[in-house]
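To start, the structure itself, in structure tokens.
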Amino acid sequence: MTTASNFDEFERVVARRGVRSGLPVIVAVHSSALGQAIGGCRLAPYPDWRDGLTDALRLSAAMTAKCAVAGLPHGGAKTVVALPPGTTLDTGLRRAVLHDVGDTIESLGGDYATGPDVGTGPDDMAVIGERTDHVFCRPVGAGGSGDSSGPTAEGVLAALAALAPVAGRRFAIMGLGRVGAHVARELAASGAELVVNDVDDSRRQLAAELGATWTDDILTAEADVLVPAALGGVLTAATVARLRCAEICGPANNQLDRPATADLLHERGILWAPDFVVSAGGVIHATGVELRGETEAEATARVRGIAGTLTRALDSARRRGITPLAAAHELARARIDSARQATMAA
């Protein structure tokens with residue numbers, strides 16, 4: 001059973017082989033202290049299914065922090081389908097594994113609702129929704145809120161603006177997927193200078209359209225702000241030593257390879273905006289509209305509130321001489337502690 005202040009313990013972990021697909025389906029529920037746990041469904045290759053389990057645990061704990069800091073009435077969880085290397089998901093197998101995911105979530109009795117993550121999107125949520133009602137970010141035509149990349153990018157832009165005015169600053173954007181491309185376009189339109197990179201070489205065309213400089217080594221690019229917008233784990237002892245930026249603020253989840261890397265950034269004088277604060281826009285918007293009945297205007301206002309949340313965390317870190325990671329975790333723990341105390345007193 002998880003405690004209010006320990007992000008290394010979990011309420012419930014389910015790992016089973018899908019009866020239709022034969023693939024490992026892992027659900028980690030980290031905390032429901034604040035309410036129903038939420039977190040995306042990730043379909044990704046792993047060397048071993050136990051690597052997928054490790055990822056599910058790590059990501060679900062991050063979701064608890066993300067929801068708590070954002071002020072959402074939800075805890076954190078994550079689904080990971082650990083695909084053996086080389087697995088090809090044709091239409092039939094994809095549908096089978098999504099139904100396996102839906103059945104697993106349904107078996108938890110409403111303790112957890114899932115949305116998109118790496119390897120899944122709104123259409124996949126509709127398929128999962130054939131087996132459980134505990135799903136969000138389905139297509140708009142299916143009664144959902146659709147693609148969450150727009151609100152996620154909106155939250156990132158709010159966070160970046162909270163650091164300093166955008167115009168005239170140089171941003172190094174790592175990843176030009178749906179969120180990264182949206183952020184890049186808005187920054188360019190606001191008068192920022194861009195250096196960009198993506199593993200997909202076809203995205204050089206977008207870079208050219210935006211007047212951005214393409215580089216093969218984005219981590220060593222000289223910039224005011226590095227914007228990680230691809231997969232996580234990019235900030236390590238080795239990469240931190242090579243950075244040539246003053247600030248890091250982006251939507252990629254779990255950017256640090258381990259918590260101690262936040263100390264290395266602090267020692268170098270590089271301000272790191274905690275990813276679970278910056279990347280919360282998508283989940284704030286989707287759960288607001290679909291799970292809590294908020295209007296579009298209400299959900300959008302919550303997304304833009306990321307700027308204030310980040311400012312509070314950074315101000316606390318500066319005043320007390322601690323890392324932004326420590327300050328943001330304290331905000332999360334305080335909210336969870338308060339919720340548990342209220343439950344105990346009831």
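Convention: chains lettered A, B, ... in structure tokens order; per-chain residue numbering from 1; ligands numbered from 1 as shown.
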Surrounding residues of region 259-272 of chain A excluding itself and chain neighbours under 2 positions, 8 Å, only C-alpha atoms, as a PyMOL selection string: chain A and resi 235-237+240+245-249+256-257+274+323-325
For the residues in the current selection, export all heavy atoms as an mmCIF file, in the first residue's frame.
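Dumped everything to part-v5.cif:
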data_model
loop_
_atom_site.group_PDB
_atom_site.id
_atom_site.type_symbol
_atom_site.label_atom_id
_atom_site.label_comp_id
_atom_site.auth_asym_id
_atom_site.auth_seq_id
_atom_site.Cartn_x
_atom_site.Cartn_y
_atom_site.Cartn_z
ATOM 1 N N LEU A 235 18.298 13.168 -20.067
ATOM 2 C CA LEU A 235 19.179 13.915 -19.168
ATOM 3 C C LEU A 235 19.886 12.935 -18.239
ATOM 4 O O LEU A 235 19.284 12.368 -17.326
ATOM 5 C CB LEU A 235 18.380 14.947 -18.379
ATOM 6 C CG LEU A 235 17.684 16.018 -19.239
ATOM 7 C CD1 LEU A 235 16.852 16.947 -18.377
ATOM 8 C CD2 LEU A 235 18.706 16.806 -20.058
ATOM 9 N N THR A 236 21.162 12.739 -18.495
ATOM 10 C CA THR A 236 22.003 11.824 -17.735
ATOM 11 C C THR A 236 23.237 12.577 -17.268
ATOM 12 O O THR A 236 23.472 13.726 -17.669
ATOM 13 C CB THR A 236 22.433 10.633 -18.601
ATOM 14 O OG1 THR A 236 23.330 11.123 -19.630
ATOM 15 C CG2 THR A 236 21.239 9.956 -19.272
ATOM 16 N N ALA A 237 24.052 11.934 -16.450
ATOM 17 C CA ALA A 237 25.298 12.583 -16.017
ATOM 18 C C ALA A 237 26.138 12.977 -17.216
ATOM 19 O O ALA A 237 26.736 14.065 -17.251
ATOM 20 C CB ALA A 237 26.067 11.651 -15.094
ATOM 21 N N VAL A 240 24.271 15.934 -19.263
ATOM 22 C CA VAL A 240 24.243 17.197 -18.512
ATOM 23 C C VAL A 240 25.586 17.912 -18.619
ATOM 24 O O VAL A 240 25.647 19.138 -18.728
ATOM 25 C CB VAL A 240 23.867 16.936 -17.041
ATOM 26 C CG1 VAL A 240 24.160 18.164 -16.175
ATOM 27 C CG2 VAL A 240 22.398 16.556 -16.932
ATOM 28 N N CYS A 245 22.873 25.180 -22.488
ATOM 29 C CA CYS A 245 21.644 25.951 -22.339
ATOM 30 C C CYS A 245 21.563 26.482 -20.907
ATOM 31 O O CYS A 245 22.264 26.004 -20.019
ATOM 32 C CB CYS A 245 20.415 25.088 -22.654
ATOM 33 S SG CYS A 245 20.242 23.653 -21.567
ATOM 34 N N ALA A 246 20.679 27.455 -20.703
ATOM 35 C CA ALA A 246 20.485 28.018 -19.365
ATOM 36 C C ALA A 246 19.293 27.392 -18.661
ATOM 37 O O ALA A 246 19.254 27.330 -17.431
ATOM 38 C CB ALA A 246 20.296 29.528 -19.461
ATOM 39 N N GLU A 247 18.315 26.936 -19.450
ATOM 40 C CA GLU A 247 17.070 26.397 -18.886
ATOM 41 C C GLU A 247 16.622 25.191 -19.703
ATOM 42 O O GLU A 247 16.944 25.076 -20.898
ATOM 43 C CB GLU A 247 15.963 27.461 -18.897
ATOM 44 C CG GLU A 247 16.307 28.709 -18.096
ATOM 45 C CD GLU A 247 15.393 29.875 -18.393
ATOM 46 O OE1 GLU A 247 14.698 29.850 -19.451
ATOM 47 O OE2 GLU A 247 15.361 30.818 -17.582
ATOM 48 N N ILE A 248 15.864 24.312 -19.065
ATOM 49 C CA ILE A 248 15.267 23.148 -19.735
ATOM 50 C C ILE A 248 13.801 23.112 -19.372
ATOM 51 O O ILE A 248 13.443 23.100 -18.191
ATOM 52 C CB ILE A 248 15.947 21.833 -19.308
ATOM 53 C CG1 ILE A 248 17.445 21.888 -19.595
ATOM 54 C CG2 ILE A 248 15.308 20.644 -20.021
ATOM 55 C CD1 ILE A 248 18.210 20.693 -19.038
ATOM 56 N N CYS A 249 12.946 23.086 -20.383
ATOM 57 C CA CYS A 249 11.504 23.113 -20.148
ATOM 58 C C CYS A 249 10.812 22.494 -21.344
ATOM 59 O O CYS A 249 10.803 23.083 -22.429
ATOM 60 C CB CYS A 249 11.041 24.556 -19.929
ATOM 61 S SG CYS A 249 9.272 24.754 -19.635
ATOM 62 N N LEU A 256 14.663 12.911 -16.731
ATOM 63 C CA LEU A 256 15.840 12.538 -15.943
ATOM 64 C C LEU A 256 16.007 11.021 -15.935
ATOM 65 O O LEU A 256 15.038 10.291 -15.745
ATOM 66 C CB LEU A 256 15.700 13.021 -14.503
ATOM 67 C CG LEU A 256 15.400 14.508 -14.278
ATOM 68 C CD1 LEU A 256 15.241 14.774 -12.782
ATOM 69 C CD2 LEU A 256 16.498 15.382 -14.864
ATOM 70 N N ASP A 257 17.235 10.553 -16.112
ATOM 71 C CA ASP A 257 17.454 9.110 -16.020
ATOM 72 C C ASP A 257 17.320 8.617 -14.582
ATOM 73 O O ASP A 257 16.959 7.469 -14.341
ATOM 74 C CB ASP A 257 18.819 8.727 -16.597
ATOM 75 C CG ASP A 257 19.990 9.331 -15.816
ATOM 76 O OD1 ASP A 257 19.810 10.380 -15.168
ATOM 77 O OD2 ASP A 257 21.087 8.747 -15.863
ATOM 78 N N PRO A 274 10.399 20.947 -13.875
ATOM 79 C CA PRO A 274 9.998 19.540 -13.763
ATOM 80 C C PRO A 274 9.008 19.130 -14.840
ATOM 81 O O PRO A 274 7.995 19.808 -15.062
ATOM 82 C CB PRO A 274 9.376 19.471 -12.365
ATOM 83 C CG PRO A 274 10.097 20.527 -11.596
ATOM 84 C CD PRO A 274 10.281 21.649 -12.579
ATOM 85 N N THR A 323 16.392 22.001 -5.352
ATOM 86 C CA THR A 323 16.148 21.823 -6.779
ATOM 87 C C THR A 323 14.663 22.009 -7.085
ATOM 88 O O THR A 323 13.802 21.767 -6.227
ATOM 89 C CB THR A 323 16.565 20.422 -7.255
ATOM 90 O OG1 THR A 323 15.691 19.446 -6.669
ATOM 91 C CG2 THR A 323 18.015 20.122 -6.892
ATOM 92 N N PRO A 324 14.333 22.411 -8.312
ATOM 93 C CA PRO A 324 12.921 22.475 -8.698
ATOM 94 C C PRO A 324 12.216 21.127 -8.551
ATOM 95 O O PRO A 324 11.024 21.084 -8.234
ATOM 96 C CB PRO A 324 12.995 22.915 -10.165
ATOM 97 C CG PRO A 324 14.266 23.696 -10.257
ATOM 98 C CD PRO A 324 15.215 22.976 -9.352
ATOM 99 N N LEU A 325 12.939 20.029 -8.769
ATOM 100 C CA LEU A 325 12.341 18.708 -8.592
ATOM 101 C C LEU A 325 11.891 18.519 -7.145
ATOM 102 O O LEU A 325 10.761 18.074 -6.886
ATOM 103 C CB LEU A 325 13.340 17.619 -8.973
ATOM 104 C CG LEU A 325 12.870 16.175 -8.749
ATOM 105 C CD1 LEU A 325 11.658 15.865 -9.603
ATOM 106 C CD2 LEU A 325 14.004 15.194 -9.040
#
Among region 157-292 of chain A, which residues carry a DSSP assignment of strand (DSSP E or B), reported as a PyMOL selection string? chain A and resi 170-174+193-197+213-214+223-228+235+245-248+256+271-272
Could you give me, as number ranges by chain, each residue of region 140-336 of chain A that DSSP assigns to alpha helix (DSSP H) when run on this structure's backbone? A: 149-163, 178-189, 204-210, 237-240, 261-268, 275-278, 281-290, 296-304, 306-320, 324-336
Which residue of A:Thr220, A:Ser190, A:Ser107, A:Thr152 approaches His134 (chain A) most closely, using only C-alpha atoms: A:Ser107
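Minimum atom-to-atom distance to Gly129 (chain A), evaluated using only C-alpha atoms, belongs to A:Asp103 out of A:Asp103, A:Glu222, A:Glu193, A:Asp111.
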